[in-house]
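Visitor: Shown below is the structure under consideration.
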2 protein chains.
Amino acid sequence: MIETPYLLFLGDAPDQLAAKVAQGIRDWRPENAVGQFRLPECKATVGLTDMTLAEAKAAGAKTLVIGVANRGGVISQAWKEVLIQALAEGFDLASGLHNLLRNEPDLVMAAKANGRMLHDVRIPSVQYPIANGVKRTGKRMLAVGTDCSVGKMYTALAVDEEMRKRGMKSSFRATGQTGILITGDGVPLDAVIADFMAGSIEYLTPDNDPDHWDIIEGQGSLFHVSYSGVTLALIHGGQPDALVVCHEPTRPHMRGLPGYQLPTLEAVRDTALHLAQVANPACQVVGYAINTYSMAEDEALAYLKATEDRLGLPAVDPLRTGTAPLVDALAAL
Amino acid sequence: MIETPYLLFLGDAPDQLAAKVAQGIRDWRPENAVGQFRLPECKATVGLTDMTLAEAKAAGAKTLVIGVANRGGVISQAWKEVLIQALAEGFDLASGLHNLLRNEPDLVMAAKANGRMLHDVRIPSVQYPIANGVKRTGKRMLAVGTDCSVGKMYTALAVDEEMRKRGMKSSFRATGQTGILITGDGVPLDAVIADFMAGSIEYLTPDNDPDHWDIIEGQGSLFHVSYSGVTLALIHGGQPDALVVCHEPTRPHMRGLPGYQLPTLEAVRDTALHLAQVANPACQVVGYAINTYSMAEDEALAYLKATEDRLGLPAVDPLRTGTAPLVDALAAL
């Protein structure tokens with residue numbers, strides 16, 4: 001559990017895309033961020049007030065979150081000075097970078113000296129159990145995809161937001177590092193030991209009120225040969241009541257696998273549902289979330305319409321058309 | 001890679017079942033063991049010559065393999081004395097125990113002092129790659145199961161043995177600790193980090209001669225909610241040309257999951273094949289391996305016959321009837 005609110009460290013981000021994590025926090029949990037901290041060379045902004053460490057501290061910030069992808073995987077000396085100063089001023093640090101805070105001796109020393117925490121959200125901090133498959137109370141939705149990076153996290157965050165707007169009980173459950181930094185909690189599933197994958201998702205989505213929804217961020221795809229095992233662990237550990245199938249229609253092949261075509265929406269629907277019903281026989285596919293970012297408006301709307309007509313269920317772009325039809329379907333379950 | 005041949009340490013095994021690992025080595029790779037070492041209290045034997053450490057060393061043994069499950073997960077003082085002496089006499093140690101050799105300071109010290117290796121086969125010793133899904137040369141068979149512990153390792157070892165008897169090129173590829181100790185090599189898949197599961201199986205079964213068979217030990221089951229992700233990683237990382245479906249007909253429910261019924265052979269056949277064809281469109285199910293250990297002879301043979309008639313493919317019990325029909329089918333691919 002990472003303490004909120006955050007000060008978002010944008011560092012020397014060379015462009016807006018490098019600040020994707022900070023932008024995700026700003027978009028989905030604005031209440032989690034009091035401001036942003038930028039080095040002079042920074043070319044990105046997430047539109048929050050620029051603050052010094054002292055100003056952010058005074059505004060209540062508890063954790064400095066590295067909201068930027070660094071270059072070459074190295075934590076630069078320019079960053080180090082700020083990070084060490086932040087620890088001295090009483091901030092915890094949180095990072096989803098590949099190279100870990102805990103592997104930097106100067107940061108470890110400064111954290112110890114000041115009694116602060118270093119959160120490397122790529123690494124599990126919990127000894128997860130082996131899944132027991134026992135049916136849990138409460139309801140769960142899982143986003144499954146035709147491929148990696150087709151908008152599963154975005155879809156889950158948008159469904160969670162729509163549910164909360166309606167006064168429904170809902171929790172977004174993060175299963176990757178960006179989602180964990182956005183919400184301050186979750187399971188970094190891709191870093192969990194094989195035997196404990198499904199158990200980590202049971203742990204993440206425990207018994208809850210009968211009318212509470214866990215909206216679980218998906219990972220990978222049953223049809224992506226590099227990561228499909230992670231996806232199936234999510235399906236069986238999550239024992240979802242509802243699946244939303246996510247897709248990006250313009251992709252030429254599976255991400256990182258030039259020889260592999262994307263599966264059809266029908267194939268993902270049928271395969272994911274069949275496997276999900278092992279853990280929860282009542283599971284249903286409630287709709288489709290299509291990432292139409294690369295399509296013109298009329299083309300996108302036509303694609304959504306054609307998908308609905310063909311598959312007989314709501315098809316939305318969470319960004320372009322919203323998730324209301326999906327939440328209607330979930331609320332009716 | 002564990003150096004062979006072994007001296008098999010049976011310790012103070014309270015019964016024959018506790019010496020299962022040693023028995024597996026004796027059954028499947030007798031050439032890997034020069035003898036057995038038993039403490040006075042030992043109630044088990046694998047039928048090899050009892051040897052002192054010095055006798056085994058003289059007979060060429062390189063590694064003392066802990067071929068016994070210990071009580072309560074603790075490496076006892078009685079064991080310790082032998083293990084430390086073995087290190088002093090120039091043996092490496094190999095173990096599949098939950099509590100690791102490397103976590104015992106006295107063993108670590110003795111290994112260091114004598115320049116010997118401690119092999120904990122439950123823990124990966126390699127940084128595996130992420131799977132790339134590229135088609136590899138050579139042929140691969142994977143054992144898939146209706147459940148955990150239905151005889152997948154035994155089936156794979158028996159197919160490998162039959163192939164080698166016929167002069168076919170074949171390698172048993174271990175994916176669990178017993179298999180690794182039997183052959184001296186393999187991937188402890190249940191301990192691999194999620195993102196690298198499929199990649200570890202690609203690593204285990206690399207390009208090979210066009211007429212070479214990798215016979216891959218299966219793990220878990222697509223229908224076992226605790227471990228299904230591991231199974232799917234095997235299916236996609238292994239990109240098998242052939243599947244053999246393994247089953248134990250008398251089991252009342254999924255292992256460790258009282259609320260879960262076993263799937264039918266048809267369900268496993270169809271689901272596993274569908275998913276396997278993502279990585280290898282030419283994959284086929286070639287037959288069924290039924291563990292009829294708990295059935296009388298006539299009942300067992302009737303079950304095999306009925307399975308063949310119903311499913312139209314060979315059904316064998318590797319122990320009772322042999323694997324010849326499966327190997328015939330594989331050779332014909």
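Ordering of the structure tokens sets the chain letters (A, B, ...); residue numbers start at 1 within each chain; ligands are numbered from 1 in the order shown.
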Any idea which chain A residues end up within 6 Å of chain B if we count only C-alpha atoms, as a list in words please?
Guide: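 Filtering chain A at 6 Å from chain B with only C-alpha atoms gives Ala131, Asp190, Ala191, Val192, Ile193, Ala194, Asp195, Ala198, Val225, Ser226, Gly229, Val230, Leu232, Ala233 and His236 of chain A.
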Visitor: Can you tell me, as JSON, numbers by chain, what residues are no more than 9 Å from Leu97 (chain A) when counting only C-alpha atoms, ignoring any on the same chain fewer than 3 positions away?
Guide: {"A": [66, 68, 69, 70, 73, 100, 101, 120, 121, 122, 177]}
Visitor: Could those selected residues go to a file with all heavy atoms, as a tab-separated table (two decimals), in the first residue's frame?
Guide:
chain	number	residue	atom	x	y	z
A	66	ILE	N	7.58	8.35	-9.12
A	66	ILE	CA	8.29	8.54	-10.38
A	66	ILE	C	7.30	8.27	-11.50
A	66	ILE	O	6.96	7.12	-11.78
A	66	ILE	CB	9.54	7.65	-10.45
A	66	ILE	CG1	10.47	8.04	-9.28
A	66	ILE	CG2	10.23	7.79	-11.80
A	66	ILE	CD1	11.78	7.30	-9.24
A	68	VAL	N	7.46	8.93	-14.68
A	68	VAL	CA	8.11	9.13	-15.97
A	68	VAL	C	8.97	7.89	-16.28
A	68	VAL	O	9.53	7.28	-15.37
A	68	VAL	CB	8.99	10.41	-15.93
A	68	VAL	CG1	9.96	10.39	-14.77
A	68	VAL	CG2	9.71	10.65	-17.24
A	69	ALA	N	9.02	7.53	-17.56
A	69	ALA	CA	9.91	6.45	-17.99
A	69	ALA	C	11.29	7.05	-18.18
A	69	ALA	O	11.44	8.10	-18.81
A	69	ALA	CB	9.41	5.85	-19.30
A	70	ASN	N	12.29	6.42	-17.62
A	70	ASN	CA	13.64	6.98	-17.74
A	70	ASN	C	14.35	6.44	-18.98
A	70	ASN	O	13.92	5.46	-19.59
A	70	ASN	CB	14.46	6.71	-16.48
A	70	ASN	CG	14.60	5.22	-16.20
A	70	ASN	OD1	13.92	4.40	-16.81
A	70	ASN	ND2	15.44	4.87	-15.27
A	73	GLY	N	17.13	2.98	-18.88
A	73	GLY	CA	16.98	2.16	-17.68
A	73	GLY	C	17.86	2.57	-16.52
A	73	GLY	O	17.94	1.87	-15.52
A	100	LEU	N	15.45	-1.09	-10.11
A	100	LEU	CA	14.72	-0.91	-8.86
A	100	LEU	C	15.37	0.13	-7.96
A	100	LEU	O	16.61	0.23	-7.90
A	100	LEU	CB	14.65	-2.25	-8.13
A	100	LEU	CG	14.06	-3.42	-8.93
A	100	LEU	CD1	14.05	-4.68	-8.08
A	100	LEU	CD2	12.67	-3.09	-9.44
A	101	LEU	N	14.54	0.86	-7.26
A	101	LEU	CA	15.04	1.79	-6.25
A	101	LEU	C	15.89	1.05	-5.23
A	101	LEU	O	16.94	1.53	-4.82
A	101	LEU	CB	13.84	2.45	-5.54
A	101	LEU	CG	12.89	3.27	-6.42
A	101	LEU	CD1	11.68	3.71	-5.59
A	101	LEU	CD2	13.59	4.48	-7.01
A	120	ASP	N	8.96	-0.41	-4.90
A	120	ASP	CA	9.19	-0.83	-6.29
A	120	ASP	C	7.98	-1.65	-6.70
A	120	ASP	O	7.88	-2.84	-6.36
A	120	ASP	CB	10.47	-1.67	-6.39
A	120	ASP	CG	11.73	-0.84	-6.25
A	120	ASP	OD1	11.89	0.11	-7.05
A	120	ASP	OD2	12.54	-1.14	-5.36
A	121	VAL	N	7.05	-1.06	-7.43
A	121	VAL	CA	5.77	-1.74	-7.65
A	121	VAL	C	5.88	-2.86	-8.69
A	121	VAL	O	4.91	-3.58	-8.91
A	121	VAL	CB	4.64	-0.76	-8.03
A	121	VAL	CG1	4.47	0.29	-6.95
A	121	VAL	CG2	4.88	-0.13	-9.39
A	122	ARG	N	7.03	-3.02	-9.32
A	122	ARG	CA	7.22	-4.18	-10.20
A	122	ARG	C	7.42	-5.47	-9.43
A	122	ARG	O	7.39	-6.55	-10.02
A	122	ARG	CB	8.44	-3.99	-11.11
A	122	ARG	CG	8.14	-3.15	-12.29
A	122	ARG	CD	9.30	-3.11	-13.25
A	122	ARG	NE	8.96	-2.21	-14.32
A	122	ARG	CZ	8.40	-2.61	-15.46
A	122	ARG	NH1	8.15	-3.87	-15.69
A	122	ARG	NH2	8.10	-1.72	-16.39
A	177	GLN	N	1.95	-2.41	-13.14
A	177	GLN	CA	2.59	-1.35	-12.33
A	177	GLN	C	1.94	0.01	-12.51
A	177	GLN	O	1.84	0.77	-11.54
A	177	GLN	CB	4.10	-1.28	-12.59
A	177	GLN	CG	4.52	-0.73	-13.92
A	177	GLN	CD	4.88	-1.85	-14.88
A	177	GLN	OE1	4.59	-3.02	-14.62
A	177	GLN	NE2	5.49	-1.49	-15.98
Visitor: So the first atom is CA of Ala58 (chain B) and the second is CA of Gly90 (chain B); what is the distance between them in Å, to one decimal place?
Guide: 11.2 Å
Visitor: Contacts of Ala331 (chain A) at 10 Å or less, counting only C-alpha atoms, minus same-chain residues fewer than 2 places along, as a PyMOL selection string?
Guide: chain A and resi 163+168+211+213+325-329+333
Visitor: Taking all heavy atoms for each residue, export the selection above as a PDB file, in the first residue's frame.
Guide:
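Written file, selection_38.pdb:
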ATOM      1  N   MET A 163     -19.298   3.395 -12.730  1.00  0.00           N
ATOM      2  CA  MET A 163     -20.037   2.788 -11.615  1.00  0.00           C
ATOM      3  C   MET A 163     -20.083   3.724 -10.417  1.00  0.00           C
ATOM      4  O   MET A 163     -21.125   3.881  -9.773  1.00  0.00           O
ATOM      5  CB  MET A 163     -19.385   1.462 -11.203  1.00  0.00           C
ATOM      6  CG  MET A 163     -19.718   0.317 -12.144  1.00  0.00           C
ATOM      7  SD  MET A 163     -19.147  -1.254 -11.421  1.00  0.00           S
ATOM      8  CE  MET A 163     -20.062  -2.412 -12.453  1.00  0.00           C
ATOM      9  N   MET A 168     -22.764   3.173  -7.520  1.00  0.00           N
ATOM     10  CA  MET A 168     -22.566   1.735  -7.301  1.00  0.00           C
ATOM     11  C   MET A 168     -21.281   1.522  -6.490  1.00  0.00           C
ATOM     12  O   MET A 168     -20.393   2.354  -6.485  1.00  0.00           O
ATOM     13  CB  MET A 168     -22.472   1.007  -8.661  1.00  0.00           C
ATOM     14  CG  MET A 168     -23.754   1.067  -9.480  1.00  0.00           C
ATOM     15  SD  MET A 168     -23.537   0.452 -11.203  1.00  0.00           S
ATOM     16  CE  MET A 168     -23.273  -1.309 -10.938  1.00  0.00           C
ATOM     17  N   ASP A 211     -23.320  -6.599  -3.474  1.00  0.00           N
ATOM     18  CA  ASP A 211     -23.533  -5.657  -4.578  1.00  0.00           C
ATOM     19  C   ASP A 211     -22.266  -4.853  -4.896  1.00  0.00           C
ATOM     20  O   ASP A 211     -22.331  -3.823  -5.555  1.00  0.00           O
ATOM     21  CB  ASP A 211     -24.698  -4.717  -4.253  1.00  0.00           C
ATOM     22  CG  ASP A 211     -24.462  -3.942  -2.955  1.00  0.00           C
ATOM     23  OD1 ASP A 211     -23.580  -4.360  -2.153  1.00  0.00           O
ATOM     24  OD2 ASP A 211     -25.146  -2.922  -2.746  1.00  0.00           O
ATOM     25  N   TRP A 213     -18.659  -4.413  -6.821  1.00  0.00           N
ATOM     26  CA  TRP A 213     -17.946  -4.891  -8.015  1.00  0.00           C
ATOM     27  C   TRP A 213     -16.442  -4.648  -7.891  1.00  0.00           C
ATOM     28  O   TRP A 213     -16.006  -3.521  -7.670  1.00  0.00           O
ATOM     29  CB  TRP A 213     -18.451  -4.154  -9.260  1.00  0.00           C
ATOM     30  CG  TRP A 213     -19.741  -4.698  -9.788  1.00  0.00           C
ATOM     31  CD1 TRP A 213     -21.006  -4.274  -9.477  1.00  0.00           C
ATOM     32  CD2 TRP A 213     -19.893  -5.765 -10.732  1.00  0.00           C
ATOM     33  NE1 TRP A 213     -21.942  -5.023 -10.161  1.00  0.00           N
ATOM     34  CE2 TRP A 213     -21.285  -5.937 -10.948  1.00  0.00           C
ATOM     35  CE3 TRP A 213     -18.996  -6.593 -11.417  1.00  0.00           C
ATOM     36  CZ2 TRP A 213     -21.794  -6.909 -11.820  1.00  0.00           C
ATOM     37  CZ3 TRP A 213     -19.502  -7.556 -12.284  1.00  0.00           C
ATOM     38  CH2 TRP A 213     -20.878  -7.702 -12.469  1.00  0.00           C
ATOM     39  N   PRO A 325     -23.188   1.726 -21.629  1.00  0.00           N
ATOM     40  CA  PRO A 325     -23.880   0.470 -21.995  1.00  0.00           C
ATOM     41  C   PRO A 325     -23.282  -0.759 -21.301  1.00  0.00           C
ATOM     42  O   PRO A 325     -24.017  -1.693 -20.974  1.00  0.00           O
ATOM     43  CB  PRO A 325     -23.682   0.395 -23.515  1.00  0.00           C
ATOM     44  CG  PRO A 325     -23.406   1.794 -23.948  1.00  0.00           C
ATOM     45  CD  PRO A 325     -22.666   2.425 -22.816  1.00  0.00           C
ATOM     46  N   LEU A 326     -21.963  -0.758 -21.061  1.00  0.00           N
ATOM     47  CA  LEU A 326     -21.353  -1.879 -20.335  1.00  0.00           C
ATOM     48  C   LEU A 326     -21.836  -1.896 -18.888  1.00  0.00           C
ATOM     49  O   LEU A 326     -22.177  -2.949 -18.333  1.00  0.00           O
ATOM     50  CB  LEU A 326     -19.819  -1.780 -20.368  1.00  0.00           C
ATOM     51  CG  LEU A 326     -19.142  -1.821 -21.744  1.00  0.00           C
ATOM     52  CD1 LEU A 326     -17.618  -1.699 -21.579  1.00  0.00           C
ATOM     53  CD2 LEU A 326     -19.493  -3.102 -22.490  1.00  0.00           C
ATOM     54  N   VAL A 327     -21.863  -0.739 -18.269  1.00  0.00           N
ATOM     55  CA  VAL A 327     -22.276  -0.667 -16.863  1.00  0.00           C
ATOM     56  C   VAL A 327     -23.764  -0.993 -16.729  1.00  0.00           C
ATOM     57  O   VAL A 327     -24.176  -1.643 -15.764  1.00  0.00           O
ATOM     58  CB  VAL A 327     -21.914   0.705 -16.258  1.00  0.00           C
ATOM     59  CG1 VAL A 327     -22.446   0.828 -14.835  1.00  0.00           C
ATOM     60  CG2 VAL A 327     -20.397   0.890 -16.259  1.00  0.00           C
ATOM     61  N   ASP A 328     -24.569  -0.589 -17.720  1.00  0.00           N
ATOM     62  CA  ASP A 328     -25.983  -1.014 -17.721  1.00  0.00           C
ATOM     63  C   ASP A 328     -26.063  -2.539 -17.679  1.00  0.00           C
ATOM     64  O   ASP A 328     -26.826  -3.118 -16.904  1.00  0.00           O
ATOM     65  CB  ASP A 328     -26.697  -0.529 -18.999  1.00  0.00           C
ATOM     66  CG  ASP A 328     -26.870   0.985 -19.034  1.00  0.00           C
ATOM     67  OD1 ASP A 328     -26.706   1.635 -17.977  1.00  0.00           O
ATOM     68  OD2 ASP A 328     -27.152   1.507 -20.134  1.00  0.00           O
ATOM     69  N   ALA A 329     -25.263  -3.182 -18.522  1.00  0.00           N
ATOM     70  CA  ALA A 329     -25.295  -4.649 -18.600  1.00  0.00           C
ATOM     71  C   ALA A 329     -24.801  -5.276 -17.292  1.00  0.00           C
ATOM     72  O   ALA A 329     -25.367  -6.267 -16.811  1.00  0.00           O
ATOM     73  CB  ALA A 329     -24.453  -5.128 -19.779  1.00  0.00           C
ATOM     74  N   LEU A 333     -26.927  -7.662 -14.123  1.00  0.00           N
ATOM     75  CA  LEU A 333     -26.552  -9.067 -13.830  1.00  0.00           C
ATOM     76  C   LEU A 333     -27.105  -9.513 -12.484  1.00  0.00           C
ATOM     77  O   LEU A 333     -26.993  -8.815 -11.491  1.00  0.00           O
ATOM     78  CB  LEU A 333     -25.030  -9.213 -13.828  1.00  0.00           C
ATOM     79  CG  LEU A 333     -24.337  -9.493 -15.147  1.00  0.00           C
ATOM     80  CD1 LEU A 333     -22.910  -9.943 -14.899  1.00  0.00           C
ATOM     81  CD2 LEU A 333     -25.056 -10.522 -15.998  1.00  0.00           C
TER      82      LEU A 333
END
Visitor: So how many Å separate CA of Ala19 (chain B) and CA of Leu107 (chain B), to one decimal?
Guide: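 Separation between CA of Ala19 (chain B) and CA of Leu107 (chain B): 22.0 Å.
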Visitor: According to DSSP computed on the backbone, where in region 63-200 of chain B is there alpha helix (DSSP H)? Give the residues as a PyMOL selection string.
Guide: chain B and resi 77-88+105-114+152-165+177-183+197-200
Visitor: Would you return as a count of residues only the members of region 78-263 of chain B that DSSP assigns to strand (DSSP E or B) on this structure's backbone?
Guide: 33
Visitor: Find the residues near Gly218 (chain A): any atom within 9 Å, counting only C-alpha atoms, skip ones fewer than 6 places away on the same chain, and give them as a list in words.
Guide: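 Once the adjacent positions are removed, what remains is Leu142, Ala143, Val144, Gly145, Lys152, Met153, Ala156, Ala174, Thr175, Gly176, Thr231, Leu234 and Ile235 of chain A.
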Visitor: Residues of the last selection are to be written out with all heavy atoms, as a short mmCIF file (atom, residue, chain, number, x, y, z; two decimals), in the first residue's frame.
Guide:
data_model
loop_
_atom_site.label_atom_id
_atom_site.label_comp_id
_atom_site.auth_asym_id
_atom_site.auth_seq_id
_atom_site.Cartn_x
_atom_site.Cartn_y
_atom_site.Cartn_z
N LEU A 142 -13.85 -8.77 -15.30
CA LEU A 142 -12.47 -8.83 -15.78
C LEU A 142 -12.43 -8.38 -17.24
O LEU A 142 -13.26 -8.80 -18.05
CB LEU A 142 -11.93 -10.26 -15.67
CG LEU A 142 -10.55 -10.52 -16.30
CD1 LEU A 142 -9.44 -9.76 -15.56
CD2 LEU A 142 -10.24 -12.02 -16.31
N ALA A 143 -11.45 -7.54 -17.56
CA ALA A 143 -11.20 -7.14 -18.95
C ALA A 143 -10.25 -8.16 -19.57
O ALA A 143 -9.16 -8.39 -19.04
CB ALA A 143 -10.59 -5.74 -19.00
N VAL A 144 -10.67 -8.80 -20.66
CA VAL A 144 -9.79 -9.71 -21.40
C VAL A 144 -9.57 -9.12 -22.78
O VAL A 144 -10.41 -8.38 -23.29
CB VAL A 144 -10.38 -11.14 -21.50
CG1 VAL A 144 -10.47 -11.79 -20.14
CG2 VAL A 144 -11.72 -11.15 -22.20
N GLY A 145 -8.43 -9.45 -23.40
CA GLY A 145 -8.10 -8.79 -24.65
C GLY A 145 -7.80 -9.75 -25.78
O GLY A 145 -7.44 -10.91 -25.56
N LYS A 152 -7.07 -2.61 -21.91
CA LYS A 152 -7.76 -3.30 -20.81
C LYS A 152 -7.76 -2.47 -19.52
O LYS A 152 -8.75 -2.41 -18.81
CB LYS A 152 -7.10 -4.67 -20.56
CG LYS A 152 -7.28 -5.64 -21.72
CD LYS A 152 -6.71 -7.01 -21.43
CE LYS A 152 -5.21 -7.02 -21.33
NZ LYS A 152 -4.51 -6.82 -22.62
N MET A 153 -6.62 -1.84 -19.22
CA MET A 153 -6.55 -1.03 -17.99
C MET A 153 -7.48 0.16 -18.11
O MET A 153 -8.24 0.48 -17.19
CB MET A 153 -5.12 -0.56 -17.72
CG MET A 153 -5.03 0.25 -16.43
SD MET A 153 -3.38 0.94 -16.12
CE MET A 153 -3.41 2.39 -17.18
N ALA A 156 -11.09 -0.88 -17.72
CA ALA A 156 -11.46 -1.19 -16.33
C ALA A 156 -11.57 0.10 -15.51
O ALA A 156 -12.51 0.26 -14.71
CB ALA A 156 -10.43 -2.14 -15.72
N ALA A 174 -5.90 -3.21 -9.60
CA ALA A 174 -4.74 -3.10 -10.49
C ALA A 174 -3.94 -4.40 -10.51
O ALA A 174 -3.71 -5.02 -9.47
CB ALA A 174 -3.85 -1.95 -10.04
N THR A 175 -3.51 -4.81 -11.70
CA THR A 175 -2.67 -6.00 -11.84
C THR A 175 -1.37 -5.70 -12.58
O THR A 175 -0.64 -6.63 -12.94
CB THR A 175 -3.43 -7.12 -12.57
OG1 THR A 175 -3.78 -6.66 -13.88
CG2 THR A 175 -4.69 -7.53 -11.82
N GLY A 176 -1.08 -4.42 -12.79
CA GLY A 176 0.17 -4.02 -13.45
C GLY A 176 0.70 -2.75 -12.81
O GLY A 176 -0.02 -2.09 -12.05
N THR A 231 -2.72 -14.54 -18.30
CA THR A 231 -4.13 -14.24 -18.55
C THR A 231 -5.03 -15.32 -17.96
O THR A 231 -6.05 -15.01 -17.33
CB THR A 231 -4.37 -14.14 -20.07
OG1 THR A 231 -3.42 -13.24 -20.63
CG2 THR A 231 -5.78 -13.66 -20.37
N LEU A 234 -5.40 -15.04 -14.29
CA LEU A 234 -6.33 -13.95 -13.96
C LEU A 234 -7.78 -14.42 -14.07
O LEU A 234 -8.62 -14.10 -13.23
CB LEU A 234 -6.13 -12.80 -14.94
CG LEU A 234 -5.37 -11.59 -14.48
CD1 LEU A 234 -5.08 -10.69 -15.67
CD2 LEU A 234 -6.14 -10.83 -13.43
N ILE A 235 -8.06 -15.17 -15.12
CA ILE A 235 -9.43 -15.64 -15.35
C ILE A 235 -9.84 -16.61 -14.24
O ILE A 235 -10.95 -16.53 -13.72
CB ILE A 235 -9.53 -16.30 -16.75
CG1 ILE A 235 -9.42 -15.22 -17.85
CG2 ILE A 235 -10.82 -17.09 -16.89
CD1 ILE A 235 -9.37 -15.76 -19.26
#
Visitor: Do you have the CA of Tyr288 (chain B)-CA of Leu17 (chain B) distance handy?
Guide: 26.4 Å
